[in-house]
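*Asks:* What follows is a structure written as structure tokens; I'll ask about it next.
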Amino acid sequence: MVGYSRTVSGASPAPPFPPQGRIDALASMPFPELVASLHSDAERGLSSEEAARRLAHFGPNDPAPIVRPGWYAVLLRQFINKLILLLIFATALSLVLGEWLNAIAIGVTVLVSGGFGFVNEFRSERAIAALQKLTALRAEVVRDGLHEEVAASDVVPGDVIAVAEGRSIPADARLIESRGLLVNESILTGEPVAVAKTEGADSSADNATPASALFAGATVVAGSGFALVVATGSATTLGSIFTAMRDVRRRSTPLEDRLEVLGNRLVAAFLALCLAIVAVGLLQGRDFRVITEMSVALAVGAIPEGLPAVATTTLAVAVRRLAGRRVLVRRLDAVETLGSTTVIATDKTGTLTENRMVVRQVLLADGKGMRVSLTVRGRQVATSFARVDGGSPTDDERLAAERLLTVAALCSDAVVEHDDDRGWHSHGDPSEGAIALAAAGLGNTTASLEARYPRTHTEPFTSATRYMRTRHQDGTAGSLVAIKGAFEQVRTLTGRDNLELAASVRDLAADGFRVLAVAEAPGDGPPALLGAVVLEDPLRSDAAAAVAACRAAGIRIMLVTGDHLQTAKNVATQAGILSPGGMAGSAATLPGESLPHADVVARASHETKEAIVAALQDSGEVVAMTGDGVNDAPALRAADVGVAVGPGATDVAMEAADVVLADGRLMSLVEGINEGRLIARNLRQAIVYLLTASFGTIFLITLAMAAEDDLALGPLQILWLNLVVHIFPALALSTGREAPVGPSAPTTELFTRSTWAEIAVRALAVAGSGLVALLLSSHADETPGQTQAVVFTTLALGLVGQAFFIDVRSLAALRVRVLRPGLWLGALVSLLLMLMALGLPGFRAALELDRIDAGNAGLALACAAASWFGAQALLAMDTLWPRHAGAGPAP
């Protein structure tokens, strides 16, 4: 092992490097200075005693300690809600008055409402637990000059670690020696390409993962080496991702915000009416107990108790619909939030592209381009060529292209094979796997090439040489040398200039393609340049259509990726994200204030992605963020909707996300957004219906008191209407597909002025019909139980009928509504539950209702019908019912 040496002193260990200091230590700090600052020895490592002291000082090498929220805290949070507190107040008043049945009924309602929220919110932090699975379990260290294997959690800053193929890296470390070391850093970058590592310093400001650095959680693909540990535990890059996830607090969803505003208005209306009732009641000389009972009834009537059940069921139905399209929703309210999305910050790999490398073309030695096509049918794979200029290749050109791919496949460690479960697939570097598959299409499978050209020596790719060289036995020429790597380095080995080929390579590289030069030599003879292989991660076939659909739906889409700028620009241009004059740049070069306005941001770290999400949210946008890697997890968690792109998404990304695209298609996300907008429209109709019931009850109690009449309905009767009778039409309204599906504007407001006008008119119509029924029944010398039964029936029939007219603006819309079987079923169930309350003695007694005769039933039906058609006639007037959305949002 080669390295710098320093005797370990008795000085106390240096503190962990701060974030920027850690990057400097991993990349550009002079190595002797780094060794000195860590009080270590690059040859012998730490002493066992010093390692034990540092373990006690710095703590275990655990980047993701788990802190789970207590269930009791989540449960308590459900009841810190103005509407729930109002019901708790009503429960307490009922207990004071000795109304035990009312108190129990209202208390059960409180528990049910809180239970819905608890079940939906309580999730253990599995995302953080998944991070632990990514860390190495064991590590090889050098201590006291001897190699030993320890638990990865025992690795400390200053340790010298040995890394080898197939092992996970236990901590952030600076390379001391690299022996053809290739590392998969997709856990941090999201790019599944093996990266060459070298012990030389790397001062590139545009590189988030320097060539001289090894990062915790990354895996060694090939080669081996030694490294000096710079940071452990939460001080590592992986640990910083965990810290970011832990510190991110989800902001409330648009639905939660809108329902919060709604709740505040209902509470304000209740308090105002309650004060008015107390004042009027005292002026009328009513008994204080009666006034208190009215206040309790008002509190119960003010709250749409069925809303949690309706909202949860509606979202659950949408979740099932989306699951059929391979869009898996992990949080119910994420469905509605999708409908409010105004910006999508999308990753590149796996979302816009297919997340697999393919050979797009080969460049022959004279610079001519040959397009490569692969046809796969079961076990059969065939590779064909066509000239880029559209002509047919000559036999010599075809033979040259075949030879180029064969030599490139020889100079490769990837293995391609076929099985019935996965079809054709590769093991090893994705680029080499693509080359090997293209060669297999020519009949040169990995096994056949190994049999014909046994490998006798390998010179691995390094960042210093930038090429790989292999030697093989050749039955005809004795031996064959195959070379593959960067064009300039391979061309230099051949000693010849190929101007046409160099120009083609330069142009394709500028467009973001990966270009590998290929050469061969007979034995120890001079190598000859055969040409180059051009690879890319191809754009998904529906990516451009998905981007166009987003724009048509009023959604801005931006590309945020850890890949190189030119590659990102190329993909964004093909997909339609980046247009001429659009803003594109790398995270290190774009000004901070420009990041949220850019169309393309390349070389983005997890901090950059979080900053973009936060800036967009601060400007009022509702942000959906897509990603599949560990580095995406903090931004997925911070976004309004985090979208993990499968099926290759890491466990951490999926646990941090709200939605998982099982097929990885951006078009699936567009379908989810359309479903979210449909759900928002349906929920609005259901809430209008439920609020019509609540306000209708409030208005009725208030009007009855103003008329100096008795309590129109008791708390238990109101609960039966709100929780049992009215919930089924609301469910039918919220789960139907009546609203048109397709591109529409993002959902920005739950209610507009015209919506509030509709609620007010329908509620007043229902209250007016109930008051008429109350006055006529009471003047007919009916018992209080019969009078309340008539009012109960009037409100039940009136509100069930209103469900057929909610948000109906034309005769055509009314025909569609009337023909909905689900709505008729909901109405039928509601009517049966109403008859149950009126007809079964046990229910009548509990609800304090008396049996009514046919005449009173006819009176209730007539009053209810008057409320249906009276409200619809009023709403038909332009002054109350705007013909377009120009009424604007409610203030």
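Every chain in the structure tokens has a letter given in the order shown (A, B, ...), and although residue numbers restart at 1 in each chain, ligands are simply numbered from 1 in the order shown.
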If you run DSSP on this backbone, which residues of stretch 583-824 of chain A come out as strand (DSSP E), and could you give them as number ranges by chain?
*Replies:* A: 584-586, 600-602, 623-627, 641-645, 659-661
*Asks:* Which neighbours of stretch 695-700 of chain A fall inside 8 Å, counting only C-alpha atoms, when residues of the same chain fewer than 2 positions from it are skipped, and could you give them as a tab-separated table (two decimals) with all heavy atoms, in the first residue's frame?
*Replies:*
chain	number	residue	atom	x	y	z
A	298	LEU	N	-77.14	23.74	17.84
A	298	LEU	CA	-76.49	24.58	16.85
A	298	LEU	C	-75.06	24.11	16.59
A	298	LEU	O	-74.60	24.06	15.44
A	298	LEU	CB	-76.47	26.04	17.33
A	298	LEU	CG	-76.14	27.10	16.30
A	298	LEU	CD1	-77.19	27.14	15.22
A	298	LEU	CD2	-76.04	28.46	16.98
A	301	GLY	N	-75.29	20.97	14.57
A	301	GLY	CA	-75.73	21.26	13.20
A	301	GLY	C	-74.69	21.99	12.39
A	301	GLY	O	-74.66	21.88	11.15
A	302	ALA	N	-73.78	22.74	13.05
A	302	ALA	CA	-72.80	23.54	12.33
A	302	ALA	C	-71.71	22.71	11.70
A	302	ALA	O	-71.01	23.17	10.80
A	302	ALA	CB	-72.17	24.58	13.27
A	691	LEU	N	-72.57	20.88	3.42
A	691	LEU	CA	-72.70	22.22	4.01
A	691	LEU	C	-74.12	22.76	3.85
A	691	LEU	O	-74.60	23.52	4.70
A	691	LEU	CB	-71.71	23.18	3.36
A	691	LEU	CG	-70.23	22.96	3.74
A	691	LEU	CD1	-69.37	24.03	3.11
A	691	LEU	CD2	-70.05	22.97	5.25
A	692	THR	N	-74.79	22.38	2.79
A	692	THR	CA	-76.20	22.74	2.65
A	692	THR	C	-77.00	22.15	3.81
A	692	THR	O	-77.86	22.82	4.39
A	692	THR	CB	-76.76	22.23	1.31
A	692	THR	OG1	-76.05	22.86	0.23
A	692	THR	CG2	-78.24	22.53	1.18
A	693	ALA	N	-76.65	20.92	4.17
A	693	ALA	CA	-77.32	20.29	5.31
A	693	ALA	C	-76.99	21.02	6.61
A	693	ALA	O	-77.88	21.31	7.43
A	693	ALA	CB	-76.90	18.82	5.41
A	702	THR	N	-82.23	28.86	13.98
A	702	THR	CA	-82.24	30.31	14.20
A	702	THR	C	-83.59	30.91	13.84
A	702	THR	O	-84.15	31.74	14.59
A	702	THR	CB	-81.13	30.97	13.35
A	702	THR	OG1	-79.89	30.33	13.64
A	702	THR	CG2	-81.02	32.45	13.67
A	703	LEU	N	-84.17	30.52	12.70
A	703	LEU	CA	-85.47	31.05	12.29
A	703	LEU	C	-86.58	30.62	13.25
A	703	LEU	O	-87.49	31.40	13.56
A	703	LEU	CB	-85.80	30.58	10.86
A	703	LEU	CG	-84.93	31.18	9.74
A	703	LEU	CD1	-85.23	30.48	8.40
A	703	LEU	CD2	-85.19	32.68	9.61
A	704	ALA	N	-86.48	29.37	13.71
A	704	ALA	CA	-87.51	28.89	14.65
A	704	ALA	C	-87.47	29.70	15.94
A	704	ALA	O	-88.51	30.04	16.51
A	704	ALA	CB	-87.28	27.41	14.94
A	712	ALA	N	-86.55	23.26	16.92
A	712	ALA	CA	-87.02	22.56	15.72
A	712	ALA	C	-86.53	21.13	15.67
A	712	ALA	O	-87.28	20.21	15.31
A	712	ALA	CB	-86.57	23.32	14.47
A	718	ILE	N	-80.31	15.71	14.73
A	718	ILE	CA	-79.38	16.33	13.76
A	718	ILE	C	-78.23	15.39	13.44
A	718	ILE	O	-77.83	15.23	12.28
A	718	ILE	CB	-78.86	17.68	14.31
A	718	ILE	CG1	-80.02	18.67	14.47
A	718	ILE	CG2	-77.79	18.26	13.38
A	718	ILE	CD1	-79.63	19.94	15.20
A	759	ILE	N	-74.64	27.35	-1.89
A	759	ILE	CA	-74.85	26.81	-0.54
A	759	ILE	C	-75.88	27.65	0.21
A	759	ILE	O	-76.80	27.11	0.85
A	759	ILE	CB	-73.51	26.78	0.23
A	759	ILE	CG1	-72.57	25.75	-0.40
A	759	ILE	CG2	-73.75	26.45	1.70
A	759	ILE	CD1	-71.16	25.79	0.15
A	760	ALA	N	-75.71	28.96	0.14
A	760	ALA	CA	-76.62	29.85	0.87
A	760	ALA	C	-78.06	29.69	0.39
A	760	ALA	O	-79.00	29.57	1.20
A	760	ALA	CB	-76.16	31.30	0.72
A	762	ARG	N	-79.50	27.16	-1.32
A	762	ARG	CA	-80.07	25.84	-1.04
A	762	ARG	C	-80.33	25.66	0.47
A	762	ARG	O	-81.34	25.08	0.88
A	762	ARG	CB	-79.14	24.74	-1.55
A	762	ARG	CG	-79.02	24.72	-3.07
A	762	ARG	CD	-78.37	23.46	-3.60
A	762	ARG	NE	-78.15	23.54	-5.04
A	762	ARG	CZ	-79.08	23.36	-5.96
A	762	ARG	NH1	-80.33	23.08	-5.59
A	762	ARG	NH2	-78.79	23.46	-7.24
A	763	ALA	N	-79.40	26.16	1.32
A	763	ALA	CA	-79.60	26.05	2.77
A	763	ALA	C	-80.81	26.84	3.22
A	763	ALA	O	-81.61	26.37	4.06
A	763	ALA	CB	-78.34	26.51	3.50
A	764	LEU	N	-80.99	28.04	2.70
A	764	LEU	CA	-82.15	28.86	3.06
A	764	LEU	C	-83.44	28.21	2.57
A	764	LEU	O	-84.46	28.26	3.27
A	764	LEU	CB	-82.00	30.26	2.49
A	764	LEU	CG	-81.00	31.17	3.23
A	764	LEU	CD1	-80.76	32.45	2.44
A	764	LEU	CD2	-81.52	31.50	4.64
A	765	ALA	N	-83.38	27.60	1.39
A	765	ALA	CA	-84.58	26.92	0.88
A	765	ALA	C	-84.95	25.74	1.78
A	765	ALA	O	-86.14	25.54	2.11
A	765	ALA	CB	-84.33	26.44	-0.55
A	766	VAL	N	-83.95	24.96	2.18
A	766	VAL	CA	-84.20	23.83	3.07
A	766	VAL	C	-84.71	24.32	4.42
A	766	VAL	O	-85.69	23.77	4.98
A	766	VAL	CB	-82.92	22.98	3.23
A	766	VAL	CG1	-83.09	21.96	4.37
A	766	VAL	CG2	-82.60	22.26	1.93
A	767	ALA	N	-84.06	25.36	4.96
A	767	ALA	CA	-84.49	25.90	6.26
A	767	ALA	C	-85.89	26.47	6.17
A	767	ALA	O	-86.72	26.28	7.08
A	767	ALA	CB	-83.50	26.97	6.72
A	768	GLY	N	-86.18	27.18	5.08
A	768	GLY	CA	-87.51	27.74	4.91
A	768	GLY	C	-88.58	26.68	4.84
A	768	GLY	O	-89.66	26.80	5.45
A	770	GLY	N	-88.38	23.71	6.14
A	770	GLY	CA	-88.49	23.13	7.48
A	770	GLY	C	-89.27	24.02	8.41
A	770	GLY	O	-90.08	23.54	9.24
A	771	LEU	N	-89.09	25.35	8.29
A	771	LEU	CA	-89.83	26.30	9.14
A	771	LEU	C	-91.32	26.27	8.83
A	771	LEU	O	-92.16	26.29	9.74
A	771	LEU	CB	-89.27	27.71	8.95
A	771	LEU	CG	-89.92	28.80	9.80
A	771	LEU	CD1	-89.69	28.53	11.29
A	771	LEU	CD2	-89.38	30.17	9.41
*Asks:* List as a VMD selection string the protein and nucleic acid residues near A:Ile176, meaning an atom at most 12 Å away when only C-alpha atoms are counted, but skip any in the same chain fewer than 2 places from it.
*Replies:* chain A and resid 1 to 5 26 to 27 30 to 32 34 to 35 41 to 43 45 159 to 163 173 to 174 178 to 179 181 197 to 201 211 to 214 224 to 230
*Asks:* List the neighbours of A:Leu774 out to 8 Å using only C-alpha atoms; skip same-chain residues closer than 2 positions along the sequence, and give me the result as a ChimeraX atom specification.
*Replies:* /A:712,770-772,776-778,787-788,790-791
*Asks:* Would you kindly return, as a list in words, each protein, DNA or RNA residue with an atom no farther than 7 Å from any atom of A:Ala386, considering only C-alpha atoms and excluding same-chain residues fewer than 4 positions away?
*Replies:*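 Counting only the stated atoms, we get Met370, Arg371, Val372, Gly390, Gly391, Ser392 and Pro393 of chain A.
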*Asks:* Can you pull out the residues contacting stretch 655-660 of chain A? Cut-off 7 Å, using only C-alpha atoms, and skip same-chain residues under 6 positions away; I want them as a list of chain:residue names.
*Replies:*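 Listing them by chain and then by number gives A:Arg126, A:Ala127, A:Val327, A:Leu328, A:Val329, A:Arg330, A:Arg331, A:Ala334, A:Ala633, A:Leu636, A:Arg637, A:Val641, A:Gly642, A:Val643, A:Ala644, A:Val645, A:Gly646.
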*Asks:* What's the separation between atom CA of A:Val335 and atom CA of A:Met625, in Å to one decimal place?
*Replies:*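 A separation of 14.3 Å between them.
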*Asks:* In Å to one decimal, how far is atom CA of A:Cys411 from atom CA of A:His457?
*Replies:*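 Computed distance, atom CA of A:His457 to atom CA of A:Cys411, equals 10.6 Å.
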*Asks:* Have a look at A:Pro647, A:Gly858, A:Pro715, A:Pro634 and name the one nearest to A:Thr292; count only C-alpha atoms.
*Replies:*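 Going through A:Pro647, A:Gly858, A:Pro715, A:Pro634 one by one, the smallest distance to A:Thr292 is for A:Pro715.
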*Asks:* Could you check the closest approach to A:Ala414 for each of A:Glu432, A:Glu671, A:Asp507, A:Glu782 and tell me which residue wins, using only C-alpha atoms?
*Replies:*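 Result for the nearest residue to A:Ala414: A:Glu432.
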*Asks:* Just how far from atom CA of A:Ala409 is atom CA of A:Ala439, in Å to one decimal?
*Replies:* 6.5 Å
